[in-house]
Structures are given as structure tokens and as C-alpha cells.
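Visitor: Please read through the structure below; I'll follow up with questions.
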Amino acid sequence: GDSVTQMEGPVTLSEEAFLTINCTYTATGYPSLFWYVQYPGEGLQLLLKATKADDKGSNKGFEATYRKETTSFHLEKGSVQVSDSAVYFCALSVSQGGSEKLVFGKGTKLTVNP
Amino acid sequence: ETGVTQTPRHLVMGMTNKKSLKCEQHLGHNAMYWYKQSAKKPLELMFVYSLEERVENNSVPSRFSPECPNSSHLFLHLHTLQPEDSALYLCASSQAEGYEQYFGPGTRLTVT
């Protein structure tokens, strides 16, 4: 079935370090891919998305490129800040039985220290 | 208020209690969702409503009963829960199925 695998956390970095959170997926057809972020005590927020192969989603300094050949959608940021501390979820959107649904990875907790 | 709101934010209930979780969206969306978020497990989709009709029920136990009286409100009625039902319950809405989902802050449920 359709699934998302993302790197296990937690990830701890110092401020201004480079961030990569790996995400790979298994899906039939051509899913859309998403990264959601959950700050402490809040719900999930869409961070970025890509709807077709080779698309690059970007927002708030974060980027991810839809790689069909490696079935990956890795999240990157060149210089993280303390305020980026959160849990990051990779997800894909698939059509099932005539309806669309999101399939999420388990989440990766990021802590950025000053 | 704007966005998606959920009440209560925290709930502690015994296994014999009956309680309800409430979700309200102020975005004019037509689809609403309930998710369960447990520690170290992927986010689990429980129910999907589109135009107030349930379109998906992912084999959720009958002790969870959803209700969608209109496109702005979604309830999750709880009865005779088990300790393993303790989790963060998230509500989301979207313009229609397949569109970007907007999440509420969640209700942290503890079953004792």
C-alpha cells in the first residue's frame, strides 16, 4: 500500500547548522507530496508541497524536491534557527475509492539549540 | 475567530464516561477530518466528511462516533474508551477532498 518513511528522530542541531530530514515514499500513481510542521502545543501546518516530479517546494527557507527516480522528498534548510524547533511530517496525497486522503510519516522531532 | 478551533484542549475521562470533542472551522471549507496522533505512530485518519456526509471510516471502533451537523462543525462522541485511546485528537478541514488541509490545535485526551 501507499506509505511514507521518514528518518527517525530526534534531531538536535546548533543554530545556523544545515538541516536534512529524509523522506521516501511508496505509492501507486503520481501522488502529491507535502511537508507539514507541528510546533509545540499546536496543530499541523502545511510547510511546503510539490505536485509533480522535479517540482521544488519552498517556504521560510525550507526546500524539498520531488524526486520520482528515487521516490524521495527530502527536506532541507541551509541555516536553522531556534524557532524551527518542531516536529516535521512528510506526507503524500493519494486517491482511494474515489476520495483523496493524506498518508503521513511518523514525524521527526527537531530541536535547535542556541 | 479564524481557522480551525477545537474544544476542549485537554480532557481526562474514565473508561465509563461519555464525552464529546468539538471542532469548528471558520474557513468556508466543505470537508472535515478527524485524526488520532499517538506517540511514535504515524498520524491515523479516523473519519472524513465531505459536504456533511461521511465518506470514509477507517475501521475505527464503534466507541468513537462522529457527527457532522453542518459544514462548519464536527463532533467526536466518546463512550467506554480504553486507556490505549489516550492520544492527541486532531481535526482538520479543507476546501474539498484532496485540497490542502488546515489543522486545529488538537484535544489531548487521557483515559484513566
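By order in the C-alpha cells, chains are A, B, ...; within a chain, residues start at 1; ligands start at 1, following the order shown.
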Where does chain A meet chain B within 6 Å, residue by residue, with the nearest atom pair and distance in Å to one decimal for each, counting only C-alpha atoms, listed by chain and rising number, as JSON lines?

Guide:
{"residue": "A:Glu42", "atom": "CA", "partner": "B:Pro105", "partner_atom": "CA", "distance": 4.4}
{"residue": "A:Gly43", "atom": "CA", "partner": "B:Pro105", "partner_atom": "CA", "distance": 3.9}
{"residue": "A:Leu44", "atom": "CA", "partner": "B:Phe103", "partner_atom": "CA", "distance": 5.5}
{"residue": "A:Glu100", "atom": "CA", "partner": "B:Gly98", "partner_atom": "CA", "distance": 4.7}
{"residue": "A:Phe104", "atom": "CA", "partner": "B:Leu43", "partner_atom": "CA", "distance": 5.9}
{"residue": "A:Gly105", "atom": "CA", "partner": "B:Pro42", "partner_atom": "CA", "distance": 5.5}
{"residue": "A:Lys106", "atom": "CA", "partner": "B:Pro42", "partner_atom": "CA", "distance": 4.0}

Visitor: Using only C-alpha atoms, determine which residues lie at most 6 Å from stretch 53-57 of chain A, disregarding the query and same-chain residues fewer than 6 positions distant; provide the list as a PyMOL selection string.

Guide: chain A and resi 63-68

Visitor: Excluding A:Leu75 and its own-chain neighbours fewer than 4 positions away, which residues fall within 8 Å of it when counting only C-alpha atoms? Please give them as a short mmCIF file (atom, residue, chain, number, x, y, z; two decimals) with all heavy atoms, in the first residue's frame.

Guide:
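Wrote it out as part_25.cif, contents follow:
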data_model
loop_
_atom_site.label_atom_id
_atom_site.label_comp_id
_atom_site.auth_asym_id
_atom_site.auth_seq_id
_atom_site.Cartn_x
_atom_site.Cartn_y
_atom_site.Cartn_z
N LEU A 19 20.26 21.58 7.79
CA LEU A 19 19.29 20.55 8.13
C LEU A 19 18.92 19.72 6.91
O LEU A 19 18.65 20.26 5.83
CB LEU A 19 18.02 21.19 8.69
CG LEU A 19 16.80 20.26 8.85
CD1 LEU A 19 17.02 19.28 10.00
CD2 LEU A 19 15.53 21.07 9.06
N THR A 20 18.90 18.40 7.09
CA THR A 20 18.27 17.49 6.14
C THR A 20 17.43 16.50 6.91
O THR A 20 17.92 15.88 7.85
CB THR A 20 19.32 16.70 5.32
OG1 THR A 20 20.14 17.60 4.59
CG2 THR A 20 18.62 15.76 4.34
N ILE A 21 16.18 16.36 6.51
CA ILE A 21 15.32 15.30 7.03
C ILE A 21 14.89 14.47 5.83
O ILE A 21 14.23 14.97 4.92
CB ILE A 21 14.09 15.85 7.77
CG1 ILE A 21 14.51 16.72 8.95
CG2 ILE A 21 13.22 14.68 8.26
CD1 ILE A 21 13.34 17.35 9.72
N ASN A 22 15.27 13.20 5.84
CA ASN A 22 14.99 12.33 4.70
C ASN A 22 13.56 11.82 4.71
O ASN A 22 13.00 11.51 5.77
CB ASN A 22 15.95 11.14 4.69
CG ASN A 22 17.36 11.54 4.37
OD1 ASN A 22 17.60 12.57 3.74
ND2 ASN A 22 18.33 10.74 4.79
N CYS A 23 12.99 11.72 3.51
CA CYS A 23 11.65 11.17 3.35
C CYS A 23 11.61 10.39 2.04
O CYS A 23 12.00 10.92 1.00
CB CYS A 23 10.61 12.29 3.33
SG CYS A 23 8.95 11.74 2.89
N TRP A 35 5.25 18.56 3.12
CA TRP A 35 5.85 18.62 4.44
C TRP A 35 4.96 19.48 5.33
O TRP A 35 4.63 20.62 4.95
CB TRP A 35 7.27 19.20 4.41
CG TRP A 35 8.31 18.20 4.05
CD1 TRP A 35 8.91 18.02 2.84
CD2 TRP A 35 8.90 17.22 4.92
NE1 TRP A 35 9.82 16.99 2.90
CE2 TRP A 35 9.84 16.49 4.17
CE3 TRP A 35 8.73 16.90 6.27
CZ2 TRP A 35 10.60 15.45 4.72
CZ3 TRP A 35 9.49 15.87 6.81
CH2 TRP A 35 10.42 15.15 6.04
N PHE A 62 12.97 26.69 3.92
CA PHE A 62 12.96 25.24 3.72
C PHE A 62 12.71 24.92 2.25
O PHE A 62 11.98 25.64 1.57
CB PHE A 62 11.86 24.59 4.56
CG PHE A 62 12.10 24.62 6.04
CD1 PHE A 62 11.65 25.70 6.81
CD2 PHE A 62 12.76 23.59 6.68
CE1 PHE A 62 11.87 25.74 8.17
CE2 PHE A 62 12.98 23.61 8.05
CZ PHE A 62 12.53 24.69 8.79
N GLU A 63 13.30 23.82 1.79
CA GLU A 63 13.10 23.37 0.42
C GLU A 63 12.99 21.86 0.37
O GLU A 63 13.59 21.16 1.21
CB GLU A 63 14.30 23.77 -0.47
CG GLU A 63 14.45 25.23 -0.73
CD GLU A 63 15.63 25.50 -1.66
OE1 GLU A 63 16.48 24.61 -1.82
OE2 GLU A 63 15.67 26.61 -2.23
N ALA A 64 12.25 21.35 -0.61
CA ALA A 64 12.21 19.91 -0.87
C ALA A 64 11.90 19.72 -2.34
O ALA A 64 11.06 20.44 -2.90
CB ALA A 64 11.15 19.23 0.00
N THR A 65 12.58 18.76 -2.96
CA THR A 65 12.39 18.50 -4.39
C THR A 65 11.80 17.12 -4.59
O THR A 65 12.27 16.13 -4.01
CB THR A 65 13.72 18.60 -5.14
OG1 THR A 65 14.26 19.91 -4.95
CG2 THR A 65 13.52 18.36 -6.64
#

Visitor: Between atom CA of A:Gln6 and atom CA of A:Tyr88, what is the distance in Å, rounded to a tenth?

Guide: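 That distance, rounded to one decimal, is 9.5 Å.
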
Visitor: If we count only C-alpha atoms, what is near B:Pro83 at a cut-off of 7 Å, once residues fewer than 3 positions away on the same chain are taken out, given as a list in words?

Guide: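 Result of the neighbour search: Ser86, Val111 and Thr112 of chain B.
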
Visitor: Give me, as a ChimeraX atom specification, all polymer residues having an atom no more than 10 Å from B:Gly28, counting only C-alpha atoms and skipping those fewer than 3 positions away in the same chain.

Guide: /B:3,25,31,71-72,93-95

Visitor: Grab the residues selected above and save them as a PDB file, in the first residue's frame with all heavy atoms.

Guide:
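File written: out-v4.pdb
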ATOM      1  N   GLY B   3      -9.728  30.227  11.294  1.00  0.00           N
ATOM      2  CA  GLY B   3      -9.063  28.942  11.235  1.00  0.00           C
ATOM      3  C   GLY B   3      -9.922  27.828  11.802  1.00  0.00           C
ATOM      4  O   GLY B   3     -11.143  27.824  11.709  1.00  0.00           O
ATOM      5  N   GLN B  25     -14.752  25.076  12.102  1.00  0.00           N
ATOM      6  CA  GLN B  25     -13.879  25.748  11.128  1.00  0.00           C
ATOM      7  C   GLN B  25     -14.583  26.976  10.583  1.00  0.00           C
ATOM      8  O   GLN B  25     -15.778  26.947  10.301  1.00  0.00           O
ATOM      9  CB  GLN B  25     -13.437  24.783  10.013  1.00  0.00           C
ATOM     10  CG  GLN B  25     -14.540  24.130   9.216  1.00  0.00           C
ATOM     11  CD  GLN B  25     -14.875  24.821   7.927  1.00  0.00           C
ATOM     12  OE1 GLN B  25     -14.270  25.852   7.578  1.00  0.00           O
ATOM     13  NE2 GLN B  25     -15.824  24.277   7.179  1.00  0.00           N
ATOM     14  N   ALA B  31     -14.946  20.025   3.535  1.00  0.00           N
ATOM     15  CA  ALA B  31     -14.508  18.714   4.010  1.00  0.00           C
ATOM     16  C   ALA B  31     -13.886  18.857   5.390  1.00  0.00           C
ATOM     17  O   ALA B  31     -13.169  19.834   5.662  1.00  0.00           O
ATOM     18  CB  ALA B  31     -13.495  18.094   3.044  1.00  0.00           C
ATOM     19  N   SER B  71     -21.513  22.067   7.708  1.00  0.00           N
ATOM     20  CA  SER B  71     -20.159  22.057   7.133  1.00  0.00           C
ATOM     21  C   SER B  71     -19.131  22.751   8.020  1.00  0.00           C
ATOM     22  O   SER B  71     -17.932  22.636   7.784  1.00  0.00           O
ATOM     23  CB  SER B  71     -20.167  22.710   5.756  1.00  0.00           C
ATOM     24  OG  SER B  71     -20.623  24.043   5.845  1.00  0.00           O
ATOM     25  N   SER B  72     -19.588  23.463   9.051  1.00  0.00           N
ATOM     26  CA  SER B  72     -18.648  24.188   9.911  1.00  0.00           C
ATOM     27  C   SER B  72     -18.310  23.454  11.201  1.00  0.00           C
ATOM     28  O   SER B  72     -17.369  23.835  11.896  1.00  0.00           O
ATOM     29  CB  SER B  72     -19.207  25.565  10.291  1.00  0.00           C
ATOM     30  OG  SER B  72     -19.404  26.348   9.148  1.00  0.00           O
ATOM     31  N   SER B  93      -9.684  20.651   8.235  1.00  0.00           N
ATOM     32  CA  SER B  93     -10.670  20.930   7.202  1.00  0.00           C
ATOM     33  C   SER B  93      -9.951  21.296   5.915  1.00  0.00           C
ATOM     34  O   SER B  93      -8.772  21.674   5.931  1.00  0.00           O
ATOM     35  CB  SER B  93     -11.612  22.060   7.628  1.00  0.00           C
ATOM     36  OG  SER B  93     -10.940  23.307   7.627  1.00  0.00           O
ATOM     37  N   SER B  94     -10.653  21.153   4.813  1.00  0.00           N
ATOM     38  CA  SER B  94     -10.094  21.547   3.517  1.00  0.00           C
ATOM     39  C   SER B  94     -11.227  22.023   2.624  1.00  0.00           C
ATOM     40  O   SER B  94     -12.397  21.700   2.851  1.00  0.00           O
ATOM     41  CB  SER B  94      -9.334  20.397   2.855  1.00  0.00           C
ATOM     42  OG  SER B  94     -10.183  19.317   2.563  1.00  0.00           O
ATOM     43  N   GLN B  95     -10.857  22.787   1.606  1.00  0.00           N
ATOM     44  CA  GLN B  95     -11.852  23.334   0.691  1.00  0.00           C
ATOM     45  C   GLN B  95     -12.705  22.205   0.104  1.00  0.00           C
ATOM     46  O   GLN B  95     -13.917  22.321  -0.012  1.00  0.00           O
ATOM     47  CB  GLN B  95     -11.118  24.090  -0.419  1.00  0.00           C
ATOM     48  CG  GLN B  95     -12.028  24.768  -1.415  1.00  0.00           C
ATOM     49  CD  GLN B  95     -11.229  25.507  -2.479  1.00  0.00           C
ATOM     50  OE1 GLN B  95     -10.041  25.759  -2.315  1.00  0.00           O
ATOM     51  NE2 GLN B  95     -11.874  25.843  -3.564  1.00  0.00           N
TER      52      GLN B  95
END

Visitor: Using only C-alpha atoms, determine which residues lie at most 12 Å from B:Asn57, disregarding the query and same-chain residues fewer than 2 positions distant; provide the list as a list in words.

Guide: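 Counting only C-alpha atoms, the residues come to Ser99 and Lys101 of chain A; Tyr33, Trp34, Tyr35, Glu44, Leu45, Met46, Phe47, Val48, Tyr49, Glu53, Arg54, Val55, Ser59, Val60, Pro61, Ser62, Phe64, Ser65 and Pro66 of chain B.
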
Visitor: Residues of stretch 14-110 of chain B classed as strand (DSSP E) by DSSP on the backbone are to be reported as a PyMOL selection string.

Guide: chain B and resi 18-25+31-37+44-50+53-57+64-70+73-79+87-94+102-103+107-110

Visitor: Hey, can you check how far atom CA of A:Glu76 sits from atom CA of A:Gly1?

Guide: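 Going from atom CA of A:Glu76 over to atom CA of A:Gly1 covers 26.8 Å.
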
Visitor: List the spatial neighbours of A:Asp84 as a ChimeraX atom specification - criterion: any atom at most 8 Å away, only C-alpha atoms, same-chain residues fewer than 4 positions off excluded.

Guide: /A:80,110-112
